[in-house]
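Visitor: Dropping the structure in here first, questions after.
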Amino acid sequence: RILVVGRLVPAKGHDLILDAIALLPRECLHRVSLRIVGTDRHSPSGYLNKLTKFVAENELEDQVAFCLDHDDEALIKDYHWADLFVSASAHEGFCVPIVEALAHGCRVVATNVGATSSTLGACGSLLPTREPQSLAAALRDEFTLFDARRDGTEEALLSERDRRSRTSEHLVQFSMASFAERTLHGIELLADHNNRGR
């Protein structure tokens, strides 16, 4: 169960994700359920039509669903539903959906652009390129890991426990308390700098 969250604009890489899904071998493809959550407000004219046309032409209607303009409650349900969150953006600042996905226990695969590496930390997989082949390979790896966890192999379970522990530690920096502490520290440094300048 793969989740994508973001505005329906080309920079978010929805077309790349669909290309990658279409590249999956049939034995993987029949297991995929991809949910694209977002809004087409301010989307380029025809972009959503282009995506839905690709889905139809590649017979992916059973695998791909577009969920537009969800409220917060519906979005939370989407995160709980998902096993994997994917971001294929061409550029990102602070990607809130990555943090939300981590907080809800999703595994994450993302392209290594902008601030994505610092937002994700060591809590997911970063793709060095925005190529469908690279993303399809990463998805196949996730299938392998999913099967290993489902089968209860000791290595897979230990790896997942380690990932969850890293994620919990990583998410602390995004808490309100941590933000307040860093902000106050910055203010104190600025005040000290200004006082020394007088």
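Going by the structure tokens order, chains are called A, B, ..., each with residues numbered from 1, while ligands are numbered from 1 in the order shown.
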To test your reading of the structure, identify every residue in region 45-190 of chain A that backbone DSSP assigns to alpha helix (DSSP H), and report it as number ranges by chain.
Guide: A: 47-57, 72-81, 96-103, 116-120, 132-150, 154-171, 176-190
Visitor: So that I can see what lies close to Gly13 (chain A), please list as a list in words the residues with an atom at most 9 Å from it, counting only C-alpha atoms and leaving out residues fewer than 5 positions away in the same chain.
Guide: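 Once the adjacent positions are removed, what remains is Leu8, Leu18, Ser87, Ala88, Ser89, Ala90 and Arg130 of chain A.
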Visitor: Which residues are near region 51-64 of chain A? Cut-off 12 Å, only C-alpha atoms, ignore same chain within fewer than 2 positions. Put them as a tab-separated table (two decimals) with all heavy atoms, in the first residue's frame.
Guide:
chain	number	residue	atom	x	y	z
A	1	ARG	N	0.85	-1.18	0.00
A	1	ARG	CA	0.00	0.00	0.00
A	1	ARG	C	0.89	1.23	0.00
A	1	ARG	O	1.56	1.52	0.99
A	1	ARG	CB	-0.93	-0.03	1.21
A	1	ARG	CG	-1.94	-1.19	1.13
A	1	ARG	CD	-2.75	-1.30	2.39
A	1	ARG	NE	-1.91	-1.67	3.52
A	1	ARG	CZ	-2.36	-2.06	4.71
A	1	ARG	NH1	-3.65	-2.16	4.91
A	1	ARG	NH2	-1.52	-2.35	5.68
A	2	ILE	N	0.90	1.91	-1.14
A	2	ILE	CA	1.82	3.03	-1.36
A	2	ILE	C	1.03	4.33	-1.35
A	2	ILE	O	0.00	4.45	-2.02
A	2	ILE	CB	2.56	2.86	-2.70
A	2	ILE	CG1	3.30	1.52	-2.74
A	2	ILE	CG2	3.53	4.02	-2.92
A	2	ILE	CD1	3.85	1.18	-4.11
A	3	LEU	N	1.55	5.31	-0.63
A	3	LEU	CA	0.88	6.60	-0.50
A	3	LEU	C	1.77	7.70	-1.05
A	3	LEU	O	2.98	7.74	-0.81
A	3	LEU	CB	0.57	6.88	0.97
A	3	LEU	CG	-0.15	8.20	1.29
A	3	LEU	CD1	-1.55	8.23	0.68
A	3	LEU	CD2	-0.22	8.40	2.81
A	4	VAL	N	1.14	8.61	-1.80
A	4	VAL	CA	1.79	9.83	-2.29
A	4	VAL	C	0.91	10.99	-1.85
A	4	VAL	O	-0.31	10.95	-2.05
A	4	VAL	CB	1.92	9.82	-3.83
A	4	VAL	CG1	2.51	11.13	-4.33
A	4	VAL	CG2	2.75	8.63	-4.28
A	8	LEU	N	-1.03	18.36	-7.03
A	8	LEU	CA	-0.89	17.72	-8.34
A	8	LEU	C	-0.25	18.70	-9.32
A	8	LEU	O	-0.92	19.36	-10.11
A	8	LEU	CB	-2.26	17.25	-8.85
A	8	LEU	CG	-2.84	16.06	-8.08
A	8	LEU	CD1	-4.23	15.74	-8.59
A	8	LEU	CD2	-1.95	14.84	-8.21
A	9	VAL	N	1.06	18.78	-9.21
A	9	VAL	CA	1.87	19.61	-10.10
A	9	VAL	C	3.05	18.78	-10.58
A	9	VAL	O	3.51	17.87	-9.86
A	9	VAL	CB	2.36	20.90	-9.40
A	9	VAL	CG1	1.19	21.81	-9.04
A	9	VAL	CG2	3.17	20.57	-8.16
A	10	PRO	N	3.57	19.04	-11.77
A	10	PRO	CA	4.65	18.21	-12.32
A	10	PRO	C	5.88	18.09	-11.42
A	10	PRO	O	6.52	17.03	-11.39
A	10	PRO	CB	4.99	18.93	-13.64
A	10	PRO	CG	3.72	19.59	-14.04
A	10	PRO	CD	3.07	20.03	-12.76
A	13	GLY	N	6.38	15.00	-9.23
A	13	GLY	CA	6.82	13.73	-9.80
A	13	GLY	C	5.80	12.62	-9.86
A	13	GLY	O	6.16	11.44	-9.89
A	14	HIS	N	4.51	12.97	-9.91
A	14	HIS	CA	3.49	11.92	-10.02
A	14	HIS	C	3.69	11.07	-11.27
A	14	HIS	O	3.49	9.84	-11.24
A	14	HIS	CB	2.09	12.54	-10.04
A	14	HIS	CG	1.78	13.36	-8.84
A	14	HIS	ND1	1.99	14.72	-8.82
A	14	HIS	CD2	1.30	13.02	-7.62
A	14	HIS	CE1	1.63	15.18	-7.63
A	14	HIS	NE2	1.21	14.18	-6.88
A	15	ASP	N	4.07	11.72	-12.37
A	15	ASP	CA	4.27	10.97	-13.62
A	15	ASP	C	5.42	9.99	-13.48
A	15	ASP	O	5.35	8.86	-13.99
A	15	ASP	CB	4.49	11.93	-14.79
A	15	ASP	CG	5.59	12.96	-14.53
A	15	ASP	OD1	5.96	13.17	-13.36
A	15	ASP	OD2	6.08	13.55	-15.52
A	16	LEU	N	6.47	10.39	-12.77
A	16	LEU	CA	7.60	9.49	-12.53
A	16	LEU	C	7.17	8.27	-11.72
A	16	LEU	O	7.58	7.14	-12.00
A	16	LEU	CB	8.72	10.25	-11.83
A	16	LEU	CG	10.04	9.52	-11.59
A	16	LEU	CD1	11.19	10.52	-11.68
A	16	LEU	CD2	10.06	8.83	-10.24
A	17	ILE	N	6.35	8.52	-10.71
A	17	ILE	CA	5.88	7.40	-9.87
A	17	ILE	C	5.02	6.44	-10.68
A	17	ILE	O	5.17	5.22	-10.58
A	17	ILE	CB	5.09	7.96	-8.66
A	17	ILE	CG1	6.03	8.76	-7.74
A	17	ILE	CG2	4.43	6.82	-7.88
A	17	ILE	CD1	5.33	9.57	-6.68
A	18	LEU	N	4.14	6.98	-11.51
A	18	LEU	CA	3.31	6.12	-12.35
A	18	LEU	C	4.17	5.34	-13.34
A	18	LEU	O	3.91	4.15	-13.61
A	18	LEU	CB	2.25	6.94	-13.07
A	18	LEU	CG	1.16	7.54	-12.18
A	18	LEU	CD1	0.21	8.40	-13.00
A	18	LEU	CD2	0.39	6.46	-11.44
A	19	ASP	N	5.18	5.99	-13.91
A	19	ASP	CA	6.10	5.30	-14.81
A	19	ASP	C	6.76	4.12	-14.09
A	19	ASP	O	6.90	3.02	-14.65
A	19	ASP	CB	7.19	6.25	-15.33
A	19	ASP	CG	6.70	7.19	-16.41
A	19	ASP	OD1	5.67	6.90	-17.03
A	19	ASP	OD2	7.37	8.22	-16.64
A	20	ALA	N	7.19	4.35	-12.85
A	20	ALA	CA	7.85	3.30	-12.08
A	20	ALA	C	6.90	2.15	-11.78
A	20	ALA	O	7.29	0.97	-11.88
A	20	ALA	CB	8.39	3.88	-10.77
A	21	ILE	N	5.66	2.46	-11.45
A	21	ILE	CA	4.67	1.41	-11.19
A	21	ILE	C	4.47	0.56	-12.45
A	21	ILE	O	4.42	-0.67	-12.39
A	21	ILE	CB	3.32	2.02	-10.74
A	21	ILE	CG1	3.47	2.73	-9.39
A	21	ILE	CG2	2.24	0.96	-10.68
A	21	ILE	CD1	3.79	1.84	-8.23
A	22	ALA	N	4.39	1.23	-13.60
A	22	ALA	CA	4.18	0.51	-14.86
A	22	ALA	C	5.37	-0.39	-15.20
A	22	ALA	O	5.21	-1.36	-15.95
A	22	ALA	CB	3.92	1.50	-15.98
A	23	LEU	N	6.56	-0.07	-14.68
A	23	LEU	CA	7.75	-0.87	-14.96
A	23	LEU	C	7.86	-2.12	-14.09
A	23	LEU	O	8.70	-2.99	-14.36
A	23	LEU	CB	9.01	-0.01	-14.75
A	23	LEU	CG	9.30	1.06	-15.81
A	23	LEU	CD1	10.45	1.95	-15.35
A	23	LEU	CD2	9.61	0.42	-17.14
A	24	LEU	N	7.05	-2.19	-13.05
A	24	LEU	CA	7.14	-3.34	-12.15
A	24	LEU	C	6.74	-4.62	-12.87
A	24	LEU	O	5.82	-4.62	-13.70
A	24	LEU	CB	6.23	-3.13	-10.94
A	24	LEU	CG	6.64	-2.04	-9.95
A	24	LEU	CD1	5.55	-1.86	-8.90
A	24	LEU	CD2	7.97	-2.38	-9.29
A	26	ARG	N	4.91	-8.17	-13.44
A	26	ARG	CA	3.50	-8.52	-13.15
A	26	ARG	C	3.33	-9.13	-11.77
A	26	ARG	O	2.32	-8.89	-11.09
A	26	ARG	CB	2.97	-9.48	-14.22
A	26	ARG	CG	2.62	-8.80	-15.52
A	26	ARG	CD	1.38	-7.92	-15.36
A	26	ARG	NE	1.32	-6.89	-16.40
A	26	ARG	CZ	0.42	-5.94	-16.43
A	26	ARG	NH1	-0.50	-5.87	-15.49
A	26	ARG	NH2	0.43	-5.03	-17.38
A	28	CYS	N	4.81	-8.39	-9.13
A	28	CYS	CA	4.77	-7.31	-8.14
A	28	CYS	C	3.55	-6.42	-8.35
A	28	CYS	O	2.90	-6.02	-7.40
A	28	CYS	CB	6.03	-6.44	-8.25
A	28	CYS	SG	7.56	-7.22	-7.71
A	29	LEU	N	3.25	-6.15	-9.61
A	29	LEU	CA	2.21	-5.17	-9.93
A	29	LEU	C	0.86	-5.55	-9.36
A	29	LEU	O	0.12	-4.69	-8.86
A	29	LEU	CB	2.11	-5.02	-11.45
A	29	LEU	CG	1.19	-3.91	-11.96
A	29	LEU	CD1	1.60	-2.57	-11.39
A	29	LEU	CD2	1.21	-3.87	-13.48
A	30	HIS	N	0.52	-6.83	-9.38
A	30	HIS	CA	-0.80	-7.22	-8.90
A	30	HIS	C	-0.96	-7.01	-7.39
A	30	HIS	O	-2.07	-7.02	-6.86
A	30	HIS	CB	-1.11	-8.68	-9.28
A	30	HIS	CG	-0.50	-9.69	-8.35
A	30	HIS	ND1	0.80	-10.15	-8.50
A	30	HIS	CD2	-1.01	-10.32	-7.26
A	30	HIS	CE1	1.05	-11.03	-7.54
A	30	HIS	NE2	-0.02	-11.15	-6.78
A	31	ARG	N	0.18	-6.77	-6.70
A	31	ARG	CA	0.13	-6.56	-5.24
A	31	ARG	C	0.07	-5.09	-4.88
A	31	ARG	O	-0.10	-4.73	-3.71
A	31	ARG	CB	1.38	-7.17	-4.60
A	31	ARG	CG	1.53	-8.66	-4.84
A	31	ARG	CD	2.90	-9.15	-4.39
A	31	ARG	NE	3.15	-8.85	-3.00
A	31	ARG	CZ	4.34	-9.06	-2.40
A	31	ARG	NH1	5.35	-9.52	-3.10
A	31	ARG	NH2	4.49	-8.78	-1.13
A	32	VAL	N	0.23	-4.20	-5.88
A	32	VAL	CA	0.33	-2.77	-5.61
A	32	VAL	C	-1.03	-2.12	-5.44
A	32	VAL	O	-1.95	-2.37	-6.21
A	32	VAL	CB	1.09	-2.06	-6.77
A	32	VAL	CG1	0.97	-0.54	-6.64
A	32	VAL	CG2	2.54	-2.48	-6.79
A	33	SER	N	-1.12	-1.27	-4.43
A	33	SER	CA	-2.25	-0.36	-4.30
A	33	SER	C	-1.66	1.02	-4.03
A	33	SER	O	-1.08	1.26	-2.97
A	33	SER	CB	-3.17	-0.79	-3.15
A	33	SER	OG	-4.27	0.08	-3.05
A	34	LEU	N	-1.76	1.90	-5.02
A	34	LEU	CA	-1.18	3.24	-4.93
A	34	LEU	C	-2.29	4.26	-4.76
A	34	LEU	O	-3.23	4.32	-5.55
A	34	LEU	CB	-0.38	3.55	-6.21
A	34	LEU	CG	0.09	4.99	-6.40
A	34	LEU	CD1	1.10	5.39	-5.32
A	34	LEU	CD2	0.70	5.17	-7.79
A	35	ARG	N	-2.17	5.07	-3.72
A	35	ARG	CA	-3.15	6.12	-3.45
A	35	ARG	C	-2.45	7.47	-3.57
A	35	ARG	O	-1.49	7.75	-2.83
A	35	ARG	CB	-3.72	5.93	-2.05
A	35	ARG	CG	-4.91	6.80	-1.73
A	35	ARG	CD	-5.52	6.44	-0.39
A	35	ARG	NE	-6.19	5.15	-0.42
A	35	ARG	CZ	-6.80	4.60	0.63
A	35	ARG	NH1	-6.82	5.23	1.79
A	35	ARG	NH2	-7.39	3.42	0.52
A	36	ILE	N	-2.89	8.29	-4.53
A	36	ILE	CA	-2.33	9.62	-4.75
A	36	ILE	C	-3.29	10.64	-4.14
A	36	ILE	O	-4.41	10.82	-4.63
A	36	ILE	CB	-2.12	9.88	-6.25
A	36	ILE	CG1	-1.08	8.89	-6.81
A	36	ILE	CG2	-1.67	11.32	-6.48
A	36	ILE	CD1	-0.88	9.00	-8.31
A	37	VAL	N	-2.84	11.26	-3.06
A	37	VAL	CA	-3.67	12.19	-2.31
A	37	VAL	C	-3.17	13.61	-2.54
A	37	VAL	O	-1.96	13.88	-2.43
A	37	VAL	CB	-3.61	11.87	-0.80
A	37	VAL	CG1	-4.41	12.90	0.00
A	37	VAL	CG2	-4.15	10.46	-0.55
A	40	ASP	N	-5.91	19.39	-7.04
A	40	ASP	CA	-5.56	19.88	-8.38
A	40	ASP	C	-5.81	21.38	-8.51
A	40	ASP	O	-5.73	21.93	-9.60
A	40	ASP	CB	-6.28	19.09	-9.47
A	40	ASP	CG	-7.79	19.26	-9.41
A	40	ASP	OD1	-8.30	19.77	-8.39
A	40	ASP	OD2	-8.46	18.86	-10.38
A	44	PRO	N	-1.42	22.73	-13.27
A	44	PRO	CA	-1.43	23.10	-14.69
A	44	PRO	C	-2.61	22.46	-15.42
A	44	PRO	O	-3.00	21.33	-15.11
A	44	PRO	CB	-0.10	22.55	-15.21
A	44	PRO	CG	0.77	22.43	-14.00
A	44	PRO	CD	-0.16	22.11	-12.87
A	45	SER	N	-3.14	23.17	-16.36
A	45	SER	CA	-4.28	22.68	-17.12
A	45	SER	C	-3.97	21.33	-17.76
A	45	SER	O	-2.95	21.17	-18.43
A	45	SER	CB	-4.65	23.69	-18.20
A	45	SER	OG	-5.69	23.20	-19.01
A	46	GLY	N	-4.83	20.36	-17.51
A	46	GLY	CA	-4.69	19.06	-18.15
A	46	GLY	C	-3.76	18.09	-17.45
A	46	GLY	O	-3.64	16.93	-17.89
A	47	TYR	N	-3.10	18.51	-16.35
A	47	TYR	CA	-2.13	17.61	-15.71
A	47	TYR	C	-2.81	16.37	-15.12
A	47	TYR	O	-2.34	15.24	-15.32
A	47	TYR	CB	-1.35	18.35	-14.63
A	47	TYR	CG	-0.26	17.52	-13.98
A	47	TYR	CD1	0.79	17.02	-14.74
A	47	TYR	CD2	-0.28	17.24	-12.62
A	47	TYR	CE1	1.79	16.26	-14.16
A	47	TYR	CE2	0.72	16.48	-12.03
A	47	TYR	CZ	1.75	16.00	-12.79
A	47	TYR	OH	2.73	15.24	-12.21
A	48	LEU	N	-3.91	16.57	-14.41
A	48	LEU	CA	-4.62	15.43	-13.85
A	48	LEU	C	-5.13	14.52	-14.96
A	48	LEU	O	-5.06	13.28	-14.85
A	48	LEU	CB	-5.78	15.89	-12.97
A	48	LEU	CG	-6.63	14.79	-12.33
A	48	LEU	CD1	-5.79	13.84	-11.49
A	48	LEU	CD2	-7.74	15.40	-11.48
A	49	ASN	N	-5.63	15.11	-16.04
A	49	ASN	CA	-6.10	14.30	-17.18
A	49	ASN	C	-4.96	13.47	-17.77
A	49	ASN	O	-5.15	12.32	-18.17
A	49	ASN	CB	-6.69	15.21	-18.26
A	49	ASN	CG	-8.03	15.78	-17.85
A	49	ASN	OD1	-8.71	15.24	-16.95
A	49	ASN	ND2	-8.44	16.86	-18.49
A	66	PHE	N	-6.89	8.15	-7.27
A	66	PHE	CA	-6.65	9.57	-7.00
A	66	PHE	C	-7.66	10.03	-5.96
A	66	PHE	O	-8.86	9.86	-6.14
A	66	PHE	CB	-6.81	10.39	-8.28
A	66	PHE	CG	-5.75	10.12	-9.31
A	66	PHE	CD1	-5.94	9.13	-10.27
A	66	PHE	CD2	-4.56	10.84	-9.31
A	66	PHE	CE1	-4.96	8.87	-11.22
A	66	PHE	CE2	-3.58	10.58	-10.26
A	66	PHE	CZ	-3.78	9.60	-11.22
A	67	CYS	N	-7.16	10.61	-4.87
A	67	CYS	CA	-8.01	11.06	-3.77
A	67	CYS	C	-7.79	12.56	-3.59
A	67	CYS	O	-6.75	12.98	-3.06
A	67	CYS	CB	-7.66	10.31	-2.49
A	67	CYS	SG	-7.66	8.51	-2.66
Visitor: List as CSV every residue of region 69-102 of chain A that is in contact with region 168-173 of chain A, defined as an atom at most 12 Å from one of its atoms (using only C-alpha atoms), together with the nearest atom pair and the distance in Å rounded to one decimal, sorted by chain and then rising number.
Guide:
residue,atom,partner,partner_atom,distance
A:Val96,CA,A:Leu171,CA,11.8
A:Ile98,CA,A:Leu171,CA,10.7
A:Val99,CA,A:Leu171,CA,7.5
A:Glu100,CA,A:Leu171,CA,9.6
A:Ala101,CA,A:Leu171,CA,10.9
A:Leu102,CA,A:Leu171,CA,7.9
Visitor: Could the residues in this selection be written to a file with N, CA, C and O atoms, as a PDB file, in the first residue's frame?
Guide:
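For reference, out.pdb as written:
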ATOM      1  N   VAL A  96       6.745  18.405   4.725  1.00  0.00           N
ATOM      2  CA  VAL A  96       5.892  18.013   5.854  1.00  0.00           C
ATOM      3  C   VAL A  96       5.334  16.587   5.691  1.00  0.00           C
ATOM      4  O   VAL A  96       5.321  15.817   6.657  1.00  0.00           O
ATOM      5  N   ILE A  98       6.641  13.956   4.505  1.00  0.00           N
ATOM      6  CA  ILE A  98       7.632  12.960   4.915  1.00  0.00           C
ATOM      7  C   ILE A  98       7.618  12.797   6.433  1.00  0.00           C
ATOM      8  O   ILE A  98       7.624  11.669   6.947  1.00  0.00           O
ATOM      9  N   VAL A  99       7.577  13.906   7.146  1.00  0.00           N
ATOM     10  CA  VAL A  99       7.544  13.844   8.616  1.00  0.00           C
ATOM     11  C   VAL A  99       6.258  13.177   9.087  1.00  0.00           C
ATOM     12  O   VAL A  99       6.262  12.338  10.001  1.00  0.00           O
ATOM     13  N   GLU A 100       5.140  13.538   8.452  1.00  0.00           N
ATOM     14  CA  GLU A 100       3.859  12.925   8.822  1.00  0.00           C
ATOM     15  C   GLU A 100       3.893  11.419   8.571  1.00  0.00           C
ATOM     16  O   GLU A 100       3.409  10.631   9.399  1.00  0.00           O
ATOM     17  N   ALA A 101       4.468  11.018   7.442  1.00  0.00           N
ATOM     18  CA  ALA A 101       4.546   9.589   7.129  1.00  0.00           C
ATOM     19  C   ALA A 101       5.388   8.846   8.157  1.00  0.00           C
ATOM     20  O   ALA A 101       5.005   7.769   8.640  1.00  0.00           O
ATOM     21  N   LEU A 102       6.533   9.406   8.505  1.00  0.00           N
ATOM     22  CA  LEU A 102       7.390   8.786   9.526  1.00  0.00           C
ATOM     23  C   LEU A 102       6.658   8.672  10.858  1.00  0.00           C
ATOM     24  O   LEU A 102       6.738   7.646  11.542  1.00  0.00           O
TER      25      LEU A 102
END
Visitor: Could you pull out the strand (DSSP E or B) residues of region 97-163 of chain A, going by DSSP on the backbone, and write them as a PyMOL selection string?
Guide: chain A and resi 107-111+125-127
Visitor: Quick one, how far is CA of Ala137 (chain A) from CA of Val113 (chain A)?
Guide: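 Between CA of Ala137 (chain A) and CA of Val113 (chain A) the gap works out to 18.4 Å.
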Visitor: Ranking A:Ala177, A:Ala136, A:Leu75, A:Val86 by minimum distance to Pro25 (chain A) and counting only C-alpha atoms, which one comes first?
Guide: A:Ala136
